[in-house]
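J.: Mind looking over this structure? Questions follow.
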Amino acid sequence: MAVINQTLAIPDFSLSPRIDHVGVEERASRFTKRSIKAETKVNGLKLTLNMIDLTTLEGKDTNGKVKQLCYKALHLHDAYPGLPTVAAICVYPSMVSVAKKALGNSGVKVAAVATAFPSGQAPRRVKISDTKFAVDNGADEIDMVISRGKFLEGEYSFVFDEIAAIKEACGNARLKVILETGELVTYDKVRRASDIAMYAGADFIKTSTGKVSPAATMPVTLVMLEAIRDFYYKTGKMIAMKPAGGISKSKLALHYLVMLQETLGEAWMNNHWFRFGASSLANDVLMQLEKERTGVYQSANYFSID
Amino acid sequence: MAKATKNNTLKLKFDSLKYAPAPESKSSATINAQYDLFINGKFERPLSKKYFDTINPATEEKLSSVADANAADIDKAVKAARNAYSNVWSKMAAKERAKYIYRIARMIQERAREFAVIETLDGGKPIRESRDIDIPLAANHFFYYAGWADKLDYAFPNQHPKSLGVAGQIIPWNFPLLMAAWKIAPALATGNTVVLKPAETTSLSALKLAEIIQESDLPPGVVNILTGAGATGAAIVNHPDINKIAFTGSTDVGKIIQRATAGTNKKVTLELGGKAANIIFEDAPIDQAVEGIINGIYFNQGHVCCAGSRLFVQESVYKEVLRKLKDRIATLIVGDPMDKNTDIGAINSKQQLETIHKYINIGKKEGAEMFESSCALPRKGFFCRPTLFTNVAQSSRIAQEEIFGPVLTIQTFRTDDEVIEKANNTPFGLSAGVWTDKGSKIFNLTTKLRAGVIWANTYNKFDPTSPFGGYKESGFGREGGLHGLGAYLNVHS
């Protein structure tokens with residue numbers, strides 16, 4: 001195994017902090033009581049757009065579909081001047097070269113799901129070559145899945161080593177580690193998996209593939225943000241966060257931003273440190289921005305569906 | 001990527017945390033320029049002919065003027081209550097009584113927004129709390145006790161529960177409507193009639209409740225609401241035709257009431273001050289415990305008798321808890337109580353703000369180390385930053401006396417026995433909190449802590465079905481739940 005960071009003492013992950021589920025759900029719901037109005041709302045909506053990993057992860061994806069999505073990434077809604085682009089396009093490894101070409105030097109990143117996404121049920125060498133293929137094709141970011149079966153069996157070293165090996169295969173690409181929290185079920189396990197991922201070299205921790213229900217929830221995301229906070233205080237390293245799946249409305253996205261701001265503070269309030277994995281969120285945000293600008297809601301027909 | 005730095009230099013930044021104003025509209029609430037006394041189903045001018053001003057503590061502007069009842073007014077109200085008790089209320093079928101109580105509960109719900117706005121304007125508490133906690137809980141108390149009204153024989157089987165007569169009730173300013181509900185609902189359900197005095201700084205929600213009671217067609221005299229200060233309260237306590245005194249407020253006044261009612265036939269319940277221990281063990285879920293500390297001491301500006309004002313942290317997690325606590329304090333929004341994003345509103349009165357400042361100065365003089373939020377405070381109104389003191393001893397006054405403000409004292413401990421001894425080392429005994437992942441530890445502590453209410457892995461949770469009350473100088477008698485009925489009944493076994 002490659003030693004990723006010799007300065008970090010690796011803790012016993014079975015001793016990860018315990019989470020009180022009543023308490024964490026109460027705290028998460030408290031963020032939803034913040035009332036976001038006026039310029040705070042507009043700024044929050046624009047920031048949300050800029051934090052989106054615009055995603056298509058279908059077996060039926062084609063080069064044409066990916067090219068359209070890349071155009072949308074750069075031109076979210078040209079009728080509204082001055083909008084930001086999204087943060088990244090998230091696709092399967094086979095689509096990386098298409099996306100990379102379509103996005104050019106726009107600054108929008110290409111993220112590839114790898115490691116036998118979404119199940120992760122493949123041997124390590126297959127996962128490593130899957131990752132290398134995506135990186136060789138130009139992926140800026142790799143979204144890997146952990147081996148949930150091994151994790152639930154208590155094989156934490158296996159999970160740790162696998163993440164470390166993929167991190168090495170990533171080279172300069174940033175690594176997002178998907179915990180698939182819907183399969184971990186308890187907050188205690190979400191916390192433990194977060195700790196393993198961060199110590200093993202994750203640049204991001206991410207909730208879900210989007211293929212399992214429930215996907216991202218606010219309490220799960222809060223548990224992960226608190227894990228990031230503890231890791232930061234222990235090591236001085238910032239880790240990024242990506243909730244994915246199930247966030248399709250602006251209001252919910254704003255609640256997430258409130259939670260981020262009040263848990264990790266302003267240093268994390270940008271798309272280097274926080275992403276939304278979402279496919280339909282962008283249009284709802286655009287609709288709300290137009291409502292704020294013009295005072296009226298426009299029909300969904302005015303927003304492109306790429 | 002940031003290089004690994006030394007832990008103690010790391011700091012999360014919350015300085016830019018600011019939300020655009022989100023004020024609740026005042027238009028849903030009607031506040032009259034002047035309020036009379038609610039006696040025998042009507043609003044009547046006070047025999048005292050005196051009125052006093054009630055102000056908004058967040059702006060120091062006058063909201064209304066309120067009648068100042070004297071002993072003659074109280075006598076008039078007690079006569080009305082006695083008449084209503086003897087001729088109407090005690091004779092009415094219990095299920096009919098329940099209908100009125102249900103009706104009041106529903107009307108509170110229907111006008112919840114108006115109540116919330118009035119509570120916040122008059123008392124200074126954040127609108128989020130009056131909207132989400134005070135008003136829904138007040139309605140729930142009426143609903144809960146309405147259900148008991150025709151089931152008293154089942155609550156006290158073979159004990160022949162009998163109502164007492166006229167109850168004199170004196171309530172504090174920290175939860176004005178909620179405390180009125182805690183007092184009125186069980187009294188009515190058990191067949192008693194009521195003379196109630198709200199606190200002088202927060203009369204308006206009780207007067208709004210009087211309007212609802214009038215609209216509900218509750219028979220005249222069953223509930224009488226008279227405003228005034230200490231002298232008015234004394235007139236209630238000393239009135240010879242009152243059968244029961246229920247008081248919530250300071251321990252000092254509680255002692256006066258206890259002396260005044262000694263040797264009389266009056267039944268008494270007192271819910272007084274507190275200085276609760278909130279105990280964090282090293283195996284606690286720390287992030288949730290920090291939230292519990294915040295909720296324990298900064299809820300309602302710390303104007304909570306059961307506030308977790310004495311924090312005990314096991315020494316091995318002390319540094320972590322303190323750092324997280326300071327980070328959390330940095331995100332608390334202090335300011336306009338009517339803004340929906342405000343976490344900590346205005347201190348209820350100038351007098352109370354002075355008391356809090358007095359204790360903060362005592363803490364500094366005692367050599368304790370102070371930390372306060374760096375937030376800006378509004379120029380007008382009575383505001384206090386959330387504050388905590390470390391390096392505190394059991395013998396420090398700030399750790400012994402009830403401050404009734406957003407001021408926390410922190411001590412560390414090593415063993416279970418040590419913390420139990422320290423937690424019990426107080427004249428008070430209202431509440432306590434225990435935070436641990438270990439069930440056996442919770443049960444060990446709950447049996448040994450001398451406090452009426454003990455929360456495990458949570459804090460400041462209230463429910464009408466759960467009895468509430470104290471040990472030692474925190475008072476006696478229980479409110480809420482089945483126990484709360486007993487306080488308004490004579491039972492024979």
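Chain lettering (A, B, ...) mirrors the order of the structure tokens, residue numbering begins at 1 for each chain separately, and ligand numbering begins at 1 in order of display.
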Could you list, as a PDB file with N, CA and C atoms, in the first residue's frame, the residues of chain A having an atom within 7 Å of chain B when counting only C-alpha atoms?

T.:
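Saved to result-v6.pdb:
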```
ATOM      1  N   PRO A  17     -16.238   8.697  16.665  1.00  0.00           N
ATOM      2  CA  PRO A  17     -17.273   9.254  17.547  1.00  0.00           C
ATOM      3  C   PRO A  17     -18.655   8.692  17.231  1.00  0.00           C
ATOM      4  N   ARG A  18     -19.442   8.494  18.279  1.00  0.00           N
ATOM      5  CA  ARG A  18     -20.811   8.043  18.108  1.00  0.00           C
ATOM      6  C   ARG A  18     -21.718   9.239  17.846  1.00  0.00           C
ATOM      7  N   ILE A  19     -22.797   8.971  17.144  1.00  0.00           N
ATOM      8  CA  ILE A  19     -23.738  10.029  16.770  1.00  0.00           C
ATOM      9  C   ILE A  19     -25.085   9.729  17.419  1.00  0.00           C
ATOM     10  N   ASP A  20     -25.666  10.738  18.060  1.00  0.00           N
ATOM     11  CA  ASP A  20     -27.014  10.573  18.600  1.00  0.00           C
ATOM     12  C   ASP A  20     -28.007  10.959  17.509  1.00  0.00           C
ATOM     13  N   GLY A  23     -30.525  13.823  18.156  1.00  0.00           N
ATOM     14  CA  GLY A  23     -29.863  15.128  18.224  1.00  0.00           C
ATOM     15  C   GLY A  23     -29.435  15.637  16.870  1.00  0.00           C
ATOM     16  N   VAL A  24     -28.890  14.761  16.042  1.00  0.00           N
ATOM     17  CA  VAL A  24     -28.380  15.225  14.757  1.00  0.00           C
ATOM     18  C   VAL A  24     -29.536  15.587  13.816  1.00  0.00           C
ATOM     19  N   ARG A  34     -33.932  28.731   9.080  1.00  0.00           N
ATOM     20  CA  ARG A  34     -33.382  30.017   8.644  1.00  0.00           C
ATOM     21  C   ARG A  34     -34.205  30.523   7.468  1.00  0.00           C
ATOM     22  N   SER A  35     -34.508  31.804   7.500  1.00  0.00           N
ATOM     23  CA  SER A  35     -35.326  32.409   6.457  1.00  0.00           C
ATOM     24  C   SER A  35     -34.401  33.183   5.517  1.00  0.00           C
ATOM     25  N   ILE A  36     -34.293  32.690   4.285  1.00  0.00           N
ATOM     26  CA  ILE A  36     -33.312  33.252   3.351  1.00  0.00           C
ATOM     27  C   ILE A  36     -34.030  34.150   2.358  1.00  0.00           C
ATOM     28  N   LYS A  37     -33.717  35.444   2.423  1.00  0.00           N
ATOM     29  CA  LYS A  37     -34.455  36.437   1.637  1.00  0.00           C
ATOM     30  C   LYS A  37     -33.497  37.320   0.839  1.00  0.00           C
ATOM     31  N   ALA A  38     -34.112  38.074  -0.086  1.00  0.00           N
ATOM     32  CA  ALA A  38     -33.461  39.185  -0.791  1.00  0.00           C
ATOM     33  C   ALA A  38     -32.079  38.814  -1.331  1.00  0.00           C
ATOM     34  N   GLU A  39     -31.072  39.669  -1.061  1.00  0.00           N
ATOM     35  CA  GLU A  39     -29.765  39.453  -1.693  1.00  0.00           C
ATOM     36  C   GLU A  39     -29.110  38.163  -1.204  1.00  0.00           C
ATOM     37  N   THR A  40     -29.411  37.779   0.051  1.00  0.00           N
ATOM     38  CA  THR A  40     -28.854  36.510   0.543  1.00  0.00           C
ATOM     39  C   THR A  40     -29.354  35.359  -0.312  1.00  0.00           C
ATOM     40  N   TYR A 233      -9.569  19.948  12.387  1.00  0.00           N
ATOM     41  CA  TYR A 233      -8.952  20.352  13.649  1.00  0.00           C
ATOM     42  C   TYR A 233      -7.823  19.406  14.058  1.00  0.00           C
ATOM     43  N   LYS A 234      -7.937  18.133  13.658  1.00  0.00           N
ATOM     44  CA  LYS A 234      -6.876  17.178  14.032  1.00  0.00           C
ATOM     45  C   LYS A 234      -5.655  17.311  13.130  1.00  0.00           C
ATOM     46  N   THR A 235      -5.878  17.598  11.834  1.00  0.00           N
ATOM     47  CA  THR A 235      -4.769  17.493  10.876  1.00  0.00           C
ATOM     48  C   THR A 235      -4.441  18.794  10.161  1.00  0.00           C
ATOM     49  N   GLY A 236      -5.361  19.765  10.226  1.00  0.00           N
ATOM     50  CA  GLY A 236      -5.146  21.004   9.483  1.00  0.00           C
ATOM     51  C   GLY A 236      -5.520  20.891   8.017  1.00  0.00           C
ATOM     52  N   LYS A 237      -6.024  19.731   7.588  1.00  0.00           N
ATOM     53  CA  LYS A 237      -6.376  19.558   6.175  1.00  0.00           C
ATOM     54  C   LYS A 237      -7.865  19.778   5.951  1.00  0.00           C
ATOM     55  N   MET A 238      -8.160  20.555   4.935  1.00  0.00           N
ATOM     56  CA  MET A 238      -9.560  20.738   4.558  1.00  0.00           C
ATOM     57  C   MET A 238      -9.967  19.607   3.620  1.00  0.00           C
ATOM     58  N   GLU A 262     -22.813  27.331   8.605  1.00  0.00           N
ATOM     59  CA  GLU A 262     -22.847  27.381  10.068  1.00  0.00           C
ATOM     60  C   GLU A 262     -22.085  26.214  10.703  1.00  0.00           C
ATOM     61  N   LEU A 264     -19.042  24.634   8.933  1.00  0.00           N
ATOM     62  CA  LEU A 264     -17.631  24.707   8.570  1.00  0.00           C
ATOM     63  C   LEU A 264     -17.138  26.130   8.328  1.00  0.00           C
ATOM     64  N   GLY A 265     -18.068  27.064   8.176  1.00  0.00           N
ATOM     65  CA  GLY A 265     -17.644  28.449   8.024  1.00  0.00           C
ATOM     66  C   GLY A 265     -17.355  28.830   6.587  1.00  0.00           C
ATOM     67  N   GLU A 266     -16.937  30.093   6.409  1.00  0.00           N
ATOM     68  CA  GLU A 266     -16.877  30.675   5.067  1.00  0.00           C
ATOM     69  C   GLU A 266     -15.823  30.054   4.156  1.00  0.00           C
ATOM     70  N   ALA A 267     -14.762  29.448   4.737  1.00  0.00           N
ATOM     71  CA  ALA A 267     -13.700  28.897   3.886  1.00  0.00           C
ATOM     72  C   ALA A 267     -14.237  27.802   2.961  1.00  0.00           C
TER      73      ALA A 267
END
```

J.: Hey, what does DSSP flag as alpha helix (DSSP H) within stretch 443-489 of chain B? Can you give it to me as a ChimeraX atom specification?

T.: /B:443-448,481-486

J.: Take the residues from that selection and write them out as an mmCIF file, in the first residue's frame, keeping C-alpha atoms.

T.:
```
data_model
loop_
_atom_site.group_PDB
_atom_site.id
_atom_site.type_symbol
_atom_site.label_atom_id
_atom_site.label_comp_id
_atom_site.auth_asym_id
_atom_site.auth_seq_id
_atom_site.Cartn_x
_atom_site.Cartn_y
_atom_site.Cartn_z
ATOM 1 C CA PHE B 443 -29.641 5.240 35.023
ATOM 2 C CA ASN B 444 -26.951 5.495 37.677
ATOM 3 C CA LEU B 445 -27.010 9.277 37.476
ATOM 4 C CA THR B 446 -30.748 9.748 37.254
ATOM 5 C CA THR B 447 -31.219 7.840 40.489
ATOM 6 C CA LYS B 448 -28.574 9.872 42.305
ATOM 7 C CA GLY B 481 -49.062 15.068 33.355
ATOM 8 C CA LEU B 482 -51.186 13.148 35.797
ATOM 9 C CA HIS B 483 -49.206 14.676 38.672
ATOM 10 C CA GLY B 484 -50.347 18.119 37.586
ATOM 11 C CA LEU B 485 -53.973 17.131 38.207
ATOM 12 C CA GLY B 486 -53.245 16.106 41.777
#
```

J.: Got a sec: who's within 10 Å of B:Leu207, counting only C-alpha atoms, leaving out chain neighbours fewer than 3 positions off, as a list of chain:residue names?

T.: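 Here the qualifying residues turn out to be B:Ile31, B:Tyr35, B:Asp36, B:Leu37, B:Phe38, B:Phe43, B:Val66, B:Leu177, B:Pro198, B:Thr202, B:Ser203, B:Leu204, B:Ala210, B:Glu211, B:Ile212, B:Ile213, B:Ile225, B:Leu226, B:Thr227.
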
J.: Using N, CA and C atoms, can you export the residues from the last selection as a compact mmCIF listing (two decimals), in the first residue's frame?

T.:
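Just written: part_19.txt:
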```txt
# COMPACT_ATOMS: atom_id res chain seq x y z
N ILE B 31 -52.89 45.19 19.18
CA ILE B 31 -52.62 45.52 20.59
C ILE B 31 -53.35 46.81 20.91
N TYR B 35 -55.39 48.37 28.45
CA TYR B 35 -56.09 47.14 28.84
C TYR B 35 -56.62 47.26 30.27
N ASP B 36 -57.89 46.80 30.44
CA ASP B 36 -58.49 46.76 31.77
C ASP B 36 -58.35 45.36 32.35
N LEU B 37 -59.00 45.16 33.47
CA LEU B 37 -58.89 43.87 34.16
C LEU B 37 -60.00 42.94 33.68
N PHE B 38 -59.69 41.68 33.51
CA PHE B 38 -60.70 40.71 33.06
C PHE B 38 -61.32 40.02 34.27
N PHE B 43 -64.17 43.03 30.63
CA PHE B 43 -63.01 43.87 30.91
C PHE B 43 -63.49 45.08 31.70
N VAL B 66 -51.43 49.10 30.95
CA VAL B 66 -52.11 47.94 31.52
C VAL B 66 -52.56 48.30 32.93
N LEU B 177 -47.40 33.12 28.01
CA LEU B 177 -48.62 32.38 27.66
C LEU B 177 -48.51 30.92 28.09
N PRO B 198 -50.54 37.72 35.51
CA PRO B 198 -49.30 37.60 34.73
C PRO B 198 -48.23 38.53 35.29
N THR B 202 -44.84 41.34 31.15
CA THR B 202 -45.38 40.54 30.04
C THR B 202 -46.85 40.21 30.25
N SER B 203 -47.69 41.26 30.25
CA SER B 203 -49.11 41.03 30.50
C SER B 203 -49.90 40.73 29.23
N LEU B 204 -49.35 41.12 28.08
CA LEU B 204 -50.21 41.22 26.90
C LEU B 204 -50.74 39.89 26.38
N ALA B 210 -57.34 36.31 27.61
CA ALA B 210 -58.61 36.71 28.21
C ALA B 210 -59.65 37.00 27.12
N GLU B 211 -59.21 37.65 26.05
CA GLU B 211 -60.13 37.92 24.93
C GLU B 211 -60.67 36.62 24.34
N ILE B 212 -59.77 35.64 24.20
CA ILE B 212 -60.18 34.34 23.66
C ILE B 212 -61.16 33.65 24.60
N ILE B 213 -60.86 33.74 25.88
CA ILE B 213 -61.74 33.11 26.87
C ILE B 213 -63.13 33.75 26.82
N ILE B 225 -58.46 37.38 34.90
CA ILE B 225 -57.05 37.71 34.69
C ILE B 225 -56.81 39.16 35.09
N LEU B 226 -55.97 39.34 36.10
CA LEU B 226 -55.72 40.68 36.63
C LEU B 226 -54.24 40.98 36.57
N THR B 227 -53.94 42.15 36.00
CA THR B 227 -52.54 42.53 35.82
C THR B 227 -52.07 43.37 36.99
```

J.: Restricting the calculation to only C-alpha atoms: of A:Ala134, A:Val145, A:Met198, A:Val108, which residue gets closest to A:Ala122?

T.: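 Between A:Ala134, A:Val145, A:Met198, A:Val108, the residue approaching A:Ala122 most closely is A:Val145.
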
J.: My list of candidates is B:Ile410, B:Leu63, B:Ile360, B:Ala487. Which is closest to B:Ala187 when distances are computed with only C-alpha atoms?

T.: B:Ala487

J.: Record the distance separating atom CA of A:Ser16 and atom CA of A:Arg229, expressed in Å with one decimal.

T.: 13.6 Å
